[in-house]
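J.: I'd like to ask you about the structure that follows.
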Amino acid sequence: MKNIIILAGLFFISINGLYAKTPAPTDSINIINKTIASKLLNDGIYLYQEGKNLEALLKFREAVEKDPTNWRAIYYISMISYDKKNFHQALSQIKTALKIDKADQEGELLEQYARSLHRIGNVDEALVNYKKAQEKLSKALSKELQVSLHIQQCQFAKKEMNSGRKTKRKVISRRVNSKYHEYSPVLADSGKVLYFTSRRADTKGKSLNPADQQYFEDIYIAKWNPEIKDWDSITNKIKRFNTPGFDALSYVSPDGSKALITINTEACVKVTTRGSDIFETKKSKRSGKFGTPKILKNKTINTTFFEGAATLTKNGKTMYFVTDRNFEKKATDIWVVHKEGNSWGKAKALSDVINTPGRETTPFISEDGKYLFFSSNGHVGMGGLDIYVSENKKGEWTKPINLGVMVNSVNNDTHFQYYPALKKAMMASIVSKKGKNNIDIYEVDMEGFVIPKK
């Protein structure tokens, strides 16, 4: 019996060997690969929606390896490059997808192609492809992707570019701007001190955010050196300011005694915030240094959602900030809260004259509380986030006016802070460097600037 079992085993081994040497039909391999690719694509989409872009990217790349005709996987690879602000790379990838048979009939691909063109400044071609995408997309998806708005933005951008007006912004010192992202510039001490946010390798804790594989934010300080006529003594070694998580300073009072900071430690080993929360720090009269930031204890200001980018009127009685607590209907909105005695009252959203279903962010209120500067991608502009201004008339905000090509571009323009006494403004925008895009800090010449009104 034992010999029979051994012979039977040898028989099956020889049969398996025979089948192993016989190649499966090509059609069968294609079907199997396409099925695997489809599964990988779905896994990648789930990870992408969860904000795990690096893990999602690996899934999409595997899907393309299994099935090079899977245009949707290439589409998502382009989307991830776009999210990382690598717009030239995103454009190249979407061009590859469009070469796949019949892929140029897909509205989503055409829309992503148009957006990538828009971000690199090819407005004419972007406009053509937005219109093509609009024809292919369902009305619901076209509305969700805001294609009509993007068409209007291209038309507005062309008008601004052909207006003859010149930009008044320029990138500041390479001592401040590095190969990493820099933004949220705030001037203090009559323009002699610059606070800004950066995601450099020397960030406190030296850790990467697992969501985007970039270093956490830290607050940096720079001092103006009149001898070299440049920023100097740049450091993030600011006592009590930075945590191992995200830290960004958005406001310093005119007298330099108070500052507002956004802190988020959710991705850290030691979690100390419920999300991104707004903190206040005051300068000691004795030491002349800022104390430990303290969270604003008001349930209508700080919630479990994102709150940040706060700004104050000169008297300190009105604060504007950004939140995404209405994320189911909108992206981020600007809210306002007033002091009632020594405490903050109930915060509320600004009207839909200011807030749109898109993103409103980085507000800056003039010292007298009359003019609100902010960034938005929900109003008609040049593309991406543009800088707008609105006037408060008898308690109501006027329709926002785009500041135009003087400060805006076809990319994200944010963190505008206006200093009339210095005749300058500071802001952040995207700079293209060898095909890659970085957020850098700009200075804007405001000599002769008159706030536009309608």
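Letters for chains follow the order of the structure tokens (A, B, ...), residue numbers begin at 1 for each chain, and ligand numbers begin at 1 in the order shown.
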Among stretch 162-411 of chain A, which ones does DSSP assign to strand (DSSP E) (computed from the backbone)? Answer as a VMD selection string.
T.: chain A and resid 169 to 171 182 to 188 193 to 198 208 to 209 214 to 215 218 to 225 230 to 235 246 to 252 258 to 264 277 to 282 294 to 295 307 to 312 318 to 323 333 to 340 343 to 344 348 to 349 360 to 365 371 to 376 386 to 393 396 to 397 401 to 402
J.: Keeping C-alpha atoms, export the residues of the selection given above as a compact mmCIF listing (two decimals), in the first residue's frame.
T.:
```txt
# COMPACT_ATOMS: atom_id res chain seq x y z
CA ARG A 169 5.02 91.03 -5.72
CA LYS A 170 8.50 89.53 -5.58
CA VAL A 171 10.00 86.48 -3.90
CA GLU A 182 7.47 78.50 3.56
CA TYR A 183 4.29 80.49 4.24
CA SER A 184 2.30 82.45 6.85
CA PRO A 185 4.64 85.49 6.97
CA VAL A 186 3.91 87.98 9.78
CA LEU A 187 5.90 91.18 10.34
CA ALA A 188 6.54 92.63 13.81
CA VAL A 193 11.16 90.95 12.64
CA LEU A 194 9.60 88.30 10.42
CA TYR A 195 7.76 85.24 11.71
CA PHE A 196 7.00 82.52 9.20
CA THR A 197 6.11 78.84 8.98
CA SER A 198 8.23 76.20 7.29
CA LEU A 208 7.50 63.34 8.99
CA ASN A 209 3.76 63.67 8.77
CA GLN A 214 6.69 65.99 4.65
CA TYR A 215 8.15 67.40 7.84
CA ASP A 218 7.46 74.87 12.79
CA ILE A 219 7.42 78.60 13.45
CA TYR A 220 10.63 80.40 12.48
CA ILE A 221 11.84 83.90 13.23
CA ALA A 222 14.13 86.12 11.14
CA LYS A 223 15.60 89.56 11.86
CA TRP A 224 16.31 92.28 9.32
CA ASN A 225 20.00 93.04 8.96
CA ASP A 230 18.57 90.93 4.04
CA TRP A 231 16.95 88.68 6.62
CA ASP A 232 19.36 87.13 9.08
CA SER A 233 19.55 85.08 12.31
CA ILE A 234 16.88 82.65 11.10
CA THR A 235 15.88 80.00 13.63
CA PHE A 246 2.09 71.40 13.39
CA ASP A 247 2.75 74.96 14.56
CA ALA A 248 1.91 78.15 12.66
CA LEU A 249 1.80 81.76 13.82
CA SER A 250 -0.87 83.87 12.10
CA TYR A 251 -1.03 87.16 14.02
CA VAL A 252 1.07 89.53 16.11
CA LYS A 258 0.20 89.31 21.79
CA ALA A 259 0.28 86.55 19.17
CA LEU A 260 -2.10 83.87 17.87
CA ILE A 261 -0.83 80.42 16.97
CA THR A 262 -2.40 77.31 15.42
CA ILE A 263 -1.23 74.01 16.94
CA ASN A 264 -2.06 70.44 15.90
CA ASP A 277 -6.68 74.55 17.73
CA ILE A 278 -6.12 78.29 18.19
CA PHE A 279 -3.76 79.33 20.99
CA GLU A 280 -2.86 82.73 22.40
CA THR A 281 0.49 83.81 23.79
CA LYS A 282 1.39 87.06 25.53
CA LYS A 294 -2.57 78.77 25.92
CA ILE A 295 -5.58 77.33 24.13
CA GLU A 307 -9.56 75.78 13.51
CA GLY A 308 -6.71 78.14 12.73
CA ALA A 309 -5.30 81.14 10.83
CA ALA A 310 -6.77 83.58 13.36
CA THR A 311 -6.49 87.37 13.05
CA LEU A 312 -7.55 90.24 15.35
CA THR A 318 -12.97 90.91 17.20
CA MET A 319 -11.33 87.77 15.87
CA TYR A 320 -11.70 86.05 12.49
CA PHE A 321 -10.58 82.47 11.99
CA VAL A 322 -10.91 79.47 9.66
CA THR A 323 -12.75 76.22 10.37
CA ASP A 333 -15.18 78.91 6.03
CA ILE A 334 -14.25 82.12 7.82
CA TRP A 335 -15.92 82.66 11.19
CA VAL A 336 -16.06 85.68 13.50
CA VAL A 337 -16.28 86.04 17.27
CA HIS A 338 -16.51 89.15 19.46
CA LYS A 339 -15.27 89.82 22.99
CA GLU A 340 -17.97 90.12 25.63
CA SER A 343 -14.35 86.54 27.44
CA TRP A 344 -15.09 85.52 23.88
CA LYS A 348 -20.56 82.39 13.95
CA ALA A 349 -19.88 81.95 10.25
CA GLU A 360 -12.08 80.44 2.26
CA THR A 361 -8.89 80.73 4.27
CA THR A 362 -6.08 82.89 5.77
CA PRO A 363 -8.12 85.99 6.71
CA PHE A 364 -6.47 89.30 7.60
CA ILE A 365 -8.54 92.09 9.15
CA TYR A 371 -11.56 95.65 5.51
CA LEU A 372 -11.22 91.89 5.38
CA PHE A 373 -8.57 90.37 3.13
CA PHE A 374 -8.78 86.61 2.59
CA SER A 375 -8.05 83.82 0.12
CA SER A 376 -10.68 81.76 -1.69
CA ASP A 386 -6.88 84.07 -4.96
CA ILE A 387 -6.69 87.04 -2.59
CA TYR A 388 -9.82 89.18 -2.18
CA VAL A 389 -10.92 92.16 -0.12
CA SER A 390 -14.37 93.00 1.27
CA GLU A 391 -15.55 96.14 3.06
CA ASN A 392 -17.73 96.16 6.16
CA LYS A 393 -20.61 98.59 5.58
CA GLU A 396 -22.58 93.83 6.31
CA TRP A 397 -19.74 92.64 4.10
CA ILE A 401 -13.17 92.12 -4.99
CA ASN A 402 -10.29 90.15 -6.50
```
J.: Name all residues at most 6 Å from A:Arg199 (count only C-alpha atoms; drop same-chain ones fewer than 5 positions away) and give them as a list in words.
T.: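 Counting only the stated atoms, we get Tyr180, His181, Tyr215, Phe216 and Glu217 of chain A.
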J.: Residues as selected, N, CA and C atoms, written as a PDB file, in the first residue's frame, can you do that?
T.:
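Just written: out20.pdb:
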```
ATOM      1  N   TYR A 180      12.118  73.759   0.978  1.00  0.00           N
ATOM      2  CA  TYR A 180      10.893  73.314   1.622  1.00  0.00           C
ATOM      3  C   TYR A 180       9.819  74.390   1.488  1.00  0.00           C
ATOM      4  N   HIS A 181       8.612  74.093   1.958  1.00  0.00           N
ATOM      5  CA  HIS A 181       7.529  75.071   1.893  1.00  0.00           C
ATOM      6  C   HIS A 181       7.693  76.130   2.985  1.00  0.00           C
ATOM      7  N   TYR A 215       7.896  67.073   6.448  1.00  0.00           N
ATOM      8  CA  TYR A 215       8.154  67.402   7.842  1.00  0.00           C
ATOM      9  C   TYR A 215       7.014  68.235   8.415  1.00  0.00           C
ATOM     10  N   PHE A 216       6.815  68.093   9.733  1.00  0.00           N
ATOM     11  CA  PHE A 216       5.809  68.891  10.407  1.00  0.00           C
ATOM     12  C   PHE A 216       6.178  70.379  10.335  1.00  0.00           C
ATOM     13  N   GLU A 217       5.190  71.238  10.509  1.00  0.00           N
ATOM     14  CA  GLU A 217       5.401  72.685  10.486  1.00  0.00           C
ATOM     15  C   GLU A 217       6.057  73.173  11.778  1.00  0.00           C
TER      16      GLU A 217
END
```
J.: Write out as an MDAnalysis selection string each polymer residue whose atoms come within 8 Å of A:Lys314, counting only C-alpha atoms; drop sequence neighbours fewer than 3 positions from it.
T.: chainID A and resid 253:254 317 366:369
J.: Take the residues from that selection and write them out as a tab-separated table (two decimals), in the first residue's frame, keeping C-alpha atoms.
T.:
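To be explicit, this is the file written out as result-v2.tsv:
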```
chain	number	residue	atom	x	y	z
A	253	SER	CA	-0.57	92.61	17.62
A	254	PRO	CA	0.71	96.03	16.45
A	317	LYS	CA	-12.18	92.65	20.50
A	366	SER	CA	-7.45	95.71	8.94
A	367	GLU	CA	-6.71	97.34	12.29
A	368	ASP	CA	-9.98	99.29	12.24
A	369	GLY	CA	-12.00	96.19	11.35
```
J.: So that I can see what lies close to A:Lys159, please list as a list in words the residues with an atom at most 12 Å from it, counting only C-alpha atoms and leaving out residues fewer than 2 positions away in the same chain.
T.: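 Counting only the stated atoms, we get Val123, Asp124, Gln152, Gln153, Cys154, Gln155, Phe156, Ala157, Met161, Asn162, Ser163, Gly164, Arg165, Gly381, Met382, Gly404 and Val405 of chain A.
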J.: Which distance in Å separates atom CA of A:Glu65 and atom CA of A:Leu109, to one decimal?
T.: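 Pair atom CA of A:Glu65 / atom CA of A:Leu109 returns 19.5 Å.
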